[in-house]
Amino acid sequence: MTISLMIQNIPCTLVTGFLGAGKTTLINQLLSCKPVGARWALLINEFGRIGIDGSLLTTDSNVQQDIAISEVSGGCICCTSQLPLQIALSRLLSEHRPQRLIIEPTGLAHPRELLRQLSEPHWQTALAMQAVIAVLSAVQWQNPKYRDHEGFQAHICAADVVVINRHEQLSSNCQQALQVWIAALNPQAQLIWAELPEESETVLSKSITNKLTRQINTPSQILSQQTGSLSHSRIRLQPPMQLLTPKTSAISTDIVMDETLPYRYHDSQQGIFQQHIMIGGWRLPAEWMFDADALQQWLLALPEWQRIKGVVNTSDGWLQLNFTPDSLSTATTTAQVDSRLEIILLSTEGSDIDVEKTTKDKTQSQQSQENWAIWDDELMALVL
């Protein structure tokens, strides 16, 4: 996706929180603070159809006229498929040209992955990421089912500001315990205890609104600190020996960021259910032909794979590969400019590759590098 160069540094606020935390009330309050005549945009990610459009708009007609709303429904915009997010963002920015953007992901989203997507180069100039605001329901927090769940904790870990909602019934000891719990997950997070005026059950107090207004004009610190760890590595590959000629020089394995083929990228992240997820892919010259059967057998033998996609030049012609644990689909296709493979693997503590390869003196990162290097060599051996 390309964004007009005229669209630059639009303040963008990400409002996260687990399902039922109270994000709607907070966003409604932010929208009510919009200056008259200012153009704002709201991107909502809904897992289902919950009729959020009306509830997010204030009754002020001036506010309604200057807010553009875009919905991405039927899934999570933080998943590995970034296309819905990119399309929705591109349309909002190019068509409405807002002066401020607010993004509300589904309560099942993993904020860290969404932050990584918003840190991609094509968004860095268009968006100016402000403080990430997480809404936490104190009622939910009291239940270990939520409190001990990584998906619940993820919103706190990725936040600059935590707005604590529905805390009125907490004892002073419980309030202190909640603060300690937040500090253990994210010691840098600022806390805002949401307070409702006596005459209202949905509108936050003026003092809280003022605090939120300051936050949407404050650059995100958590994002700037994570930028390095959120990036992925791209590795140049050594062509298989059978393709080398006296005039072909060896390709270094240094990390590079250009599009020279062949290369492989890989990344890793913590999944919402505590598993470690590895993602990687290869782009290879179109003239490289793979043994079709051997390639598919190798892919299916990878440890704990969750998704395999590819368009590859093979001995059976150009093939589209679309594998899930429940479905293995292949189809012929027209010749492409290059071959591409992408895999998602779930690395659990008991997987074969951990047991056989990991030693006590190696970090997880080092082991991951070695695993991908092994798979590079195995894949190169399949070139005819």
# chains A, B, ... in the order shown; residues from 1 in each chain; ligands from 1
>>> residues_around(residues="segment 178-184 of chain A", least_positions_apart="4", cutoff="10 Å", atoms="only C-alpha atoms", output="list in words")
Ala138, Trp141, Gln142, Arg147, Gln153, Ile156, Cys157, Val162, Ile164, His167, Leu170, Ser172, Asn173, Cys174, Gln188, Ala189, Gln190 and Leu191 of chain A
>>> select_by_dssp(residues="segment 77-212 of chain A", states="helix (DSSP H, G or I)", output="VMD selection string")
chain A and resid 83 to 96 111 to 118 121 to 124 138 to 141 144 to 147 150 to 157 172 to 185 206 to 212
>>> closest_residue(among="A:Arg91, A:Arg39, A:Arg100, A:Arg307", to="Leu328 of chain A", atoms="only C-alpha atoms")
A:Arg307
>>> closest_atom_pairs(of="segment 284-310 of chain A", to="segment 367-382 of chain A", cutoff="8 Å", atoms="only C-alpha atoms", output="Markdown table")
| residue | atom | partner | partner_atom | distance |
| --- | --- | --- | --- | --- |
| A:Phe290 | CA | A:Leu382 | CA | 5.7 |
| A:Asp291 | CA | A:Leu382 | CA | 6.2 |
| A:Ala294 | CA | A:Leu382 | CA | 6.9 |
| A:Leu295 | CA | A:Leu382 | CA | 6.6 |
>>> closest_residue(among="A:Gln99, A:Asn45, A:Asn313, A:Gln130", to="Pro285 of chain A", atoms="only C-alpha atoms")
A:Asn313
>>> closest_residue(among="A:Ile279, A:Leu93, A:Ala131, A:Ala88", to="Ile44 of chain A", atoms="only C-alpha atoms")
A:Ala88
>>> residues_around(residues="His155 of chain A", least_positions_apart="5", cutoff="8 Å", atoms="only C-alpha atoms", output="PDB file with N, CA and C atoms, in the first residue's frame")
ATOM      1  N   THR A  16      -6.507  -0.196  23.541  1.00  0.00           N
ATOM      2  CA  THR A  16      -6.618  -1.640  23.652  1.00  0.00           C
ATOM      3  C   THR A  16      -7.297  -2.012  24.966  1.00  0.00           C
ATOM      4  N   GLY A  17      -7.544  -3.278  25.129  1.00  0.00           N
ATOM      5  CA  GLY A  17      -8.163  -3.783  26.345  1.00  0.00           C
ATOM      6  C   GLY A  17      -8.871  -5.079  26.056  1.00  0.00           C
ATOM      7  N   PHE A  18      -8.903  -5.941  27.037  1.00  0.00           N
ATOM      8  CA  PHE A  18      -9.526  -7.249  26.863  1.00  0.00           C
ATOM      9  C   PHE A  18     -11.025  -7.077  26.645  1.00  0.00           C
ATOM     10  N   HIS A 110      -3.660  -9.158  19.939  1.00  0.00           N
ATOM     11  CA  HIS A 110      -2.388  -9.102  20.665  1.00  0.00           C
ATOM     12  C   HIS A 110      -1.739  -7.764  20.309  1.00  0.00           C
ATOM     13  N   PRO A 111      -1.736  -6.795  21.228  1.00  0.00           N
ATOM     14  CA  PRO A 111      -1.265  -5.440  20.902  1.00  0.00           C
ATOM     15  C   PRO A 111       0.146  -5.389  20.342  1.00  0.00           C
ATOM     16  N   ALA A 134      -4.350   1.354  27.376  1.00  0.00           N
ATOM     17  CA  ALA A 134      -5.008   0.076  27.649  1.00  0.00           C
ATOM     18  C   ALA A 134      -6.059   0.293  28.729  1.00  0.00           C
TER      19      ALA A 134
END
>>> atom_distance(atom1="atom CA of Ile10 of chain A", atom2="atom CA of Gly22 of chain A")
25.3 Å
>>> closest_residue(among="A:Leu341, A:Val383, A:Cys12, A:Ala154", to="Asp293 of chain A", atoms="only C-alpha atoms")
A:Val383
>>> residues_around(residues="segment 317-321 of chain A", least_positions_apart="6", cutoff="12 Å", atoms="only C-alpha atoms", output="PDB file with C-alpha atoms, in the first residue's frame")
ATOM      1  CA  ALA A 286      12.128 -18.054 -10.609  1.00  0.00           C
ATOM      2  CA  GLU A 287      14.558 -20.279 -12.508  1.00  0.00           C
ATOM      3  CA  TRP A 288      15.252 -22.430  -9.438  1.00  0.00           C
ATOM      4  CA  MET A 289      13.163 -25.596  -9.790  1.00  0.00           C
ATOM      5  CA  PHE A 290      12.300 -27.795  -6.820  1.00  0.00           C
ATOM      6  CA  ASP A 291      11.412 -31.470  -6.715  1.00  0.00           C
ATOM      7  CA  ALA A 292       7.648 -31.181  -6.084  1.00  0.00           C
ATOM      8  CA  ASP A 293       7.221 -34.316  -3.964  1.00  0.00           C
ATOM      9  CA  LEU A 295       9.544 -30.179  -1.246  1.00  0.00           C
ATOM     10  CA  GLN A 296       6.096 -31.013   0.077  1.00  0.00           C
ATOM     11  CA  LEU A 299       7.541 -28.851   4.465  1.00  0.00           C
ATOM     12  CA  LEU A 300       5.153 -31.278   6.143  1.00  0.00           C
ATOM     13  CA  ARG A 307       0.450 -22.715   8.329  1.00  0.00           C
ATOM     14  CA  ILE A 308       2.387 -23.144   5.082  1.00  0.00           C
ATOM     15  CA  LYS A 309       1.807 -20.994   2.022  1.00  0.00           C
ATOM     16  CA  GLY A 310       3.760 -20.747  -1.182  1.00  0.00           C
ATOM     17  CA  VAL A 311       3.974 -20.266  -4.934  1.00  0.00           C
ATOM     18  CA  SER A 327      -6.251 -29.122   4.939  1.00  0.00           C
ATOM     19  CA  LEU A 328      -3.516 -29.639   2.360  1.00  0.00           C
ATOM     20  CA  SER A 329      -4.255 -27.812  -0.878  1.00  0.00           C
ATOM     21  CA  THR A 330      -2.124 -27.591  -4.023  1.00  0.00           C
ATOM     22  CA  ALA A 331      -3.002 -26.067  -7.377  1.00  0.00           C
ATOM     23  CA  THR A 332      -1.164 -25.260 -10.573  1.00  0.00           C
ATOM     24  CA  THR A 333      -0.664 -21.635 -11.493  1.00  0.00           C
ATOM     25  CA  THR A 334       1.042 -19.462 -14.095  1.00  0.00           C
ATOM     26  CA  ALA A 335       4.750 -18.657 -13.969  1.00  0.00           C
ATOM     27  CA  GLN A 336       5.698 -16.028 -11.396  1.00  0.00           C
ATOM     28  CA  VAL A 337       8.534 -13.514 -11.116  1.00  0.00           C
ATOM     29  CA  ASP A 338       9.965 -15.516  -8.195  1.00  0.00           C
ATOM     30  CA  SER A 339       9.213 -18.441  -5.883  1.00  0.00           C
ATOM     31  CA  ARG A 340       7.882 -17.688  -2.417  1.00  0.00           C
ATOM     32  CA  LEU A 341       7.351 -19.796   0.679  1.00  0.00           C
ATOM     33  CA  GLU A 342       6.052 -18.749   4.081  1.00  0.00           C
ATOM     34  CA  ILE A 343       5.660 -20.877   7.191  1.00  0.00           C
TER      35      ILE A 343
END
>>> atom_distance(atom1="atom CA of Asp66 of chain A", atom2="atom CA of Ala38 of chain A")
6.5 Å
